[in-house]
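Trainee: The structure under discussion is supplied below as structure tokens; questions concerning it will follow.
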Amino acid sequence: MSVRTQSSEQSAKAAHRAGFACFVGRPNAGKSTLTNALVGKKVAITSNRPQTTRHTVRGIVHRPDAQLILVDTPGLHKPRTLLGERLNDVVRTTWAEVDVIGFCLPADQKIGPGDRFIAKELAGIKRTPKVAIVTKTDLVDSKALAEQLIAVDQMGRELGIEWQEIVPVSAVGDQQVALLADLLVPLLPEGPALYPEGDLTDEPEQVMVAELIREAALEGVRDELPHSIAVVVEEMLPREDRPADRPLVDIHANIYIERPSQKGIIIGPKGKRLKDVGVKSRQQIEALLGTPVFLDLHVKVAKDWQRDPKQLRRLGF
């Protein structure tokens with residue numbers, strides 16, 4: 001049994017840690033919501049539609065003893081398109097480069113083939129420590145939660161994964177989120193902070209603005225649209241001739257869909273949906289940039305862009 005003396009505790013305190021953690025899990029396992037809860041600000045887009053995250057959004061958690069950089073990967077899934085394959089490649093590359101992997105499994109859904117598919121992939125990555133995170137605990141009672149924790153432990157044993165921790169959390173109810181950070185930090189390497197104090201993400205603002213527009217465009221549309229929407233910010237400039245105390249940023253962005261028939265869904269009757277998308281995303285963008293924004297949105301068709309390498313490149317994938 002190790003006895004901690006005062007001096008060893010002090011030296012442990014002195015060591016600052018900094019490193020990268022990534023959350024994995026099937027689509028809609030609560031990864032983005034958890035990232036936002038840990039950072040304390042919206043940096044990853046959240047949506048109740050699966051497969052909304054396409055960019056590696058890094059959230060940065062600043063603590064006196066550590067800096068935890070969260071890499072939010074797309075959900076790993078069996079790919080059906082070129083875009084799907086590219087997203088999976090992004091995930092695997094990320095796993096190989098981080099210091100710790102958090103595997104998110106929702107408390108309210110039994111472990112299924114999708115979870116096992118990811119767990120098998122994780123079992124092949126030997127050197128990176130893994131933490132199992134049971135998310136959405138606010139949606140179940142204590143008996144169901146206990147059963148899920150046992151099932152997660154068992155799956156680890158069957159596949160030869162040694163979980164460093166199994167942690168139940170509710171990002172929405174803010175339960176055990178701070179504890180999760182406390183458990184992740186010791187798994188990071190010792191070292192100085194990698195990002196300046198106050199930075200919450202290293203995503204370029206333009207990418208984040210595009211994601212906020214896309215999140216608003218996804219809300220309430222029919223099930224066939226989530227993958228079909230891409231947003232590109234064509235221009236983002238401070239308006240000239242504005243007094244210093246009343247700045248305004250002009251943002252011109254295009255919402256791309258795959259087929260002309262989808263245009264009406266996004267625009268809505270008499271343009272009402274598109275207007276709502278503009279209002280909703282503008283509020284989020286203004287909060288992000290800290291300045292008033294003039295937002296100009298256009299809907300364009302990029303035929304079958306998910307299957308076309310040239311278009312994927314142009315749309316930033």
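How things are named: the first chain in the structure tokens is A, the next is B, and so on; residues count from 1 in each chain; ligands count from 1 in the order shown.
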Residues within 8 Å of Glu211 in chain A, please, as a count of residues only. Count only C-alpha atoms; anything in the same chain fewer than 3 positions from it doesn't count.

Mentor: 6

Trainee: Residues of range 48-223 of chain A classed as helix (DSSP H, G or I) by DSSP on the backbone are to be reported as an MDAnalysis selection string.

Mentor: chainID A and resid 82:97 113:123 137:139 142:159 177:187 205:218

Trainee: Produce a file of the selected residues containing C-alpha atoms, as a PDB file, in the first residue's frame.

Mentor:
```pdb
ATOM      1  CA  LEU A  82     -17.046   8.547 -49.726  1.00  0.00           C
ATOM      2  CA  LEU A  83     -17.817  11.198 -47.087  1.00  0.00           C
ATOM      3  CA  GLY A  84     -18.547   8.391 -44.598  1.00  0.00           C
ATOM      4  CA  GLU A  85     -15.209   6.727 -45.350  1.00  0.00           C
ATOM      5  CA  ARG A  86     -13.331  10.012 -44.929  1.00  0.00           C
ATOM      6  CA  LEU A  87     -15.048  10.665 -41.594  1.00  0.00           C
ATOM      7  CA  ASN A  88     -14.007   7.216 -40.342  1.00  0.00           C
ATOM      8  CA  ASP A  89     -10.392   7.872 -41.407  1.00  0.00           C
ATOM      9  CA  VAL A  90     -10.464  11.125 -39.410  1.00  0.00           C
ATOM     10  CA  VAL A  91     -11.592   9.176 -36.340  1.00  0.00           C
ATOM     11  CA  ARG A  92      -8.868   6.536 -36.536  1.00  0.00           C
ATOM     12  CA  THR A  93      -6.112   9.095 -37.137  1.00  0.00           C
ATOM     13  CA  THR A  94      -7.317  11.055 -34.109  1.00  0.00           C
ATOM     14  CA  TRP A  95      -7.325   7.981 -31.859  1.00  0.00           C
ATOM     15  CA  ALA A  96      -3.689   7.322 -32.667  1.00  0.00           C
ATOM     16  CA  GLU A  97      -2.651  10.865 -31.707  1.00  0.00           C
ATOM     17  CA  PRO A 113     -23.720  -3.736 -32.556  1.00  0.00           C
ATOM     18  CA  GLY A 114     -22.612  -0.132 -33.200  1.00  0.00           C
ATOM     19  CA  ASP A 115     -21.016   0.095 -29.747  1.00  0.00           C
ATOM     20  CA  ARG A 116     -19.318  -3.289 -30.154  1.00  0.00           C
ATOM     21  CA  PHE A 117     -17.998  -2.250 -33.589  1.00  0.00           C
ATOM     22  CA  ILE A 118     -16.268   0.749 -31.958  1.00  0.00           C
ATOM     23  CA  ALA A 119     -15.139  -1.220 -28.888  1.00  0.00           C
ATOM     24  CA  LYS A 120     -13.429  -3.815 -31.128  1.00  0.00           C
ATOM     25  CA  GLU A 121     -11.569  -1.021 -32.936  1.00  0.00           C
ATOM     26  CA  LEU A 122     -10.570   0.446 -29.559  1.00  0.00           C
ATOM     27  CA  ALA A 123      -9.317  -2.937 -28.348  1.00  0.00           C
ATOM     28  CA  THR A 137     -27.745   9.373 -16.868  1.00  0.00           C
ATOM     29  CA  ASP A 138     -30.564  11.884 -16.261  1.00  0.00           C
ATOM     30  CA  LEU A 139     -32.760   9.770 -18.574  1.00  0.00           C
ATOM     31  CA  SER A 142     -30.579   3.983 -10.681  1.00  0.00           C
ATOM     32  CA  LYS A 143     -31.373   0.322 -11.442  1.00  0.00           C
ATOM     33  CA  ALA A 144     -31.067   0.817 -15.234  1.00  0.00           C
ATOM     34  CA  LEU A 145     -27.869   2.813 -14.693  1.00  0.00           C
ATOM     35  CA  ALA A 146     -26.327   0.056 -12.555  1.00  0.00           C
ATOM     36  CA  GLU A 147     -27.171  -2.528 -15.242  1.00  0.00           C
ATOM     37  CA  GLN A 148     -25.536  -0.374 -17.933  1.00  0.00           C
ATOM     38  CA  LEU A 149     -22.358   0.123 -15.865  1.00  0.00           C
ATOM     39  CA  ILE A 150     -22.093  -3.660 -15.374  1.00  0.00           C
ATOM     40  CA  ALA A 151     -22.686  -4.261 -19.108  1.00  0.00           C
ATOM     41  CA  VAL A 152     -19.925  -1.773 -20.035  1.00  0.00           C
ATOM     42  CA  ASP A 153     -17.497  -3.434 -17.618  1.00  0.00           C
ATOM     43  CA  GLN A 154     -18.364  -6.847 -19.038  1.00  0.00           C
ATOM     44  CA  MET A 155     -17.900  -5.727 -22.652  1.00  0.00           C
ATOM     45  CA  GLY A 156     -14.427  -4.442 -21.725  1.00  0.00           C
ATOM     46  CA  ARG A 157     -13.502  -7.806 -20.188  1.00  0.00           C
ATOM     47  CA  GLU A 158     -14.781  -9.768 -23.197  1.00  0.00           C
ATOM     48  CA  LEU A 159     -12.784  -7.679 -25.671  1.00  0.00           C
ATOM     49  CA  VAL A 177     -18.883  16.471 -15.314  1.00  0.00           C
ATOM     50  CA  ALA A 178     -16.231  18.011 -13.028  1.00  0.00           C
ATOM     51  CA  LEU A 179     -15.411  14.536 -11.681  1.00  0.00           C
ATOM     52  CA  LEU A 180     -14.832  13.312 -15.253  1.00  0.00           C
ATOM     53  CA  ALA A 181     -12.302  16.130 -15.791  1.00  0.00           C
ATOM     54  CA  ASP A 182     -10.609  15.174 -12.496  1.00  0.00           C
ATOM     55  CA  LEU A 183     -10.251  11.577 -13.719  1.00  0.00           C
ATOM     56  CA  LEU A 184      -9.002  12.482 -17.202  1.00  0.00           C
ATOM     57  CA  VAL A 185      -6.306  14.928 -16.040  1.00  0.00           C
ATOM     58  CA  PRO A 186      -3.981  12.340 -14.337  1.00  0.00           C
ATOM     59  CA  LEU A 187      -3.910  10.390 -17.620  1.00  0.00           C
ATOM     60  CA  GLU A 205     -13.963  31.244 -36.442  1.00  0.00           C
ATOM     61  CA  GLN A 206     -15.216  30.786 -40.004  1.00  0.00           C
ATOM     62  CA  VAL A 207     -15.514  27.014 -39.489  1.00  0.00           C
ATOM     63  CA  MET A 208     -17.407  27.525 -36.230  1.00  0.00           C
ATOM     64  CA  VAL A 209     -19.745  30.057 -37.854  1.00  0.00           C
ATOM     65  CA  ALA A 210     -20.483  27.561 -40.649  1.00  0.00           C
ATOM     66  CA  GLU A 211     -21.194  24.867 -38.035  1.00  0.00           C
ATOM     67  CA  LEU A 212     -23.618  27.127 -36.141  1.00  0.00           C
ATOM     68  CA  ILE A 213     -25.511  27.874 -39.372  1.00  0.00           C
ATOM     69  CA  ARG A 214     -25.587  24.161 -40.173  1.00  0.00           C
ATOM     70  CA  GLU A 215     -26.895  23.319 -36.707  1.00  0.00           C
ATOM     71  CA  ALA A 216     -29.752  25.815 -37.126  1.00  0.00           C
ATOM     72  CA  ALA A 217     -30.494  24.481 -40.627  1.00  0.00           C
ATOM     73  CA  LEU A 218     -30.699  20.902 -39.295  1.00  0.00           C
TER      74      LEU A 218
END
```

Trainee: Which residues are close to range 33-41 of chain A, i.e. within 8 Å by only C-alpha atoms, leaving aside same-chain residues fewer than 6 positions away? Reply as a list in words.

Mentor: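 Near neighbours after the sequence-gap exclusion: Gly59, Ile60, Val61, Leu70, Asp72, Ala171, Val172, Asp174, Val177, Ala178, Ala181 and Leu200 of chain A.
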
Trainee: Work out how far apart CA of Lys280 in chain A and CA of Pro27 in chain A are and give it in Å to one decimal.

Mentor: 23.9 Å
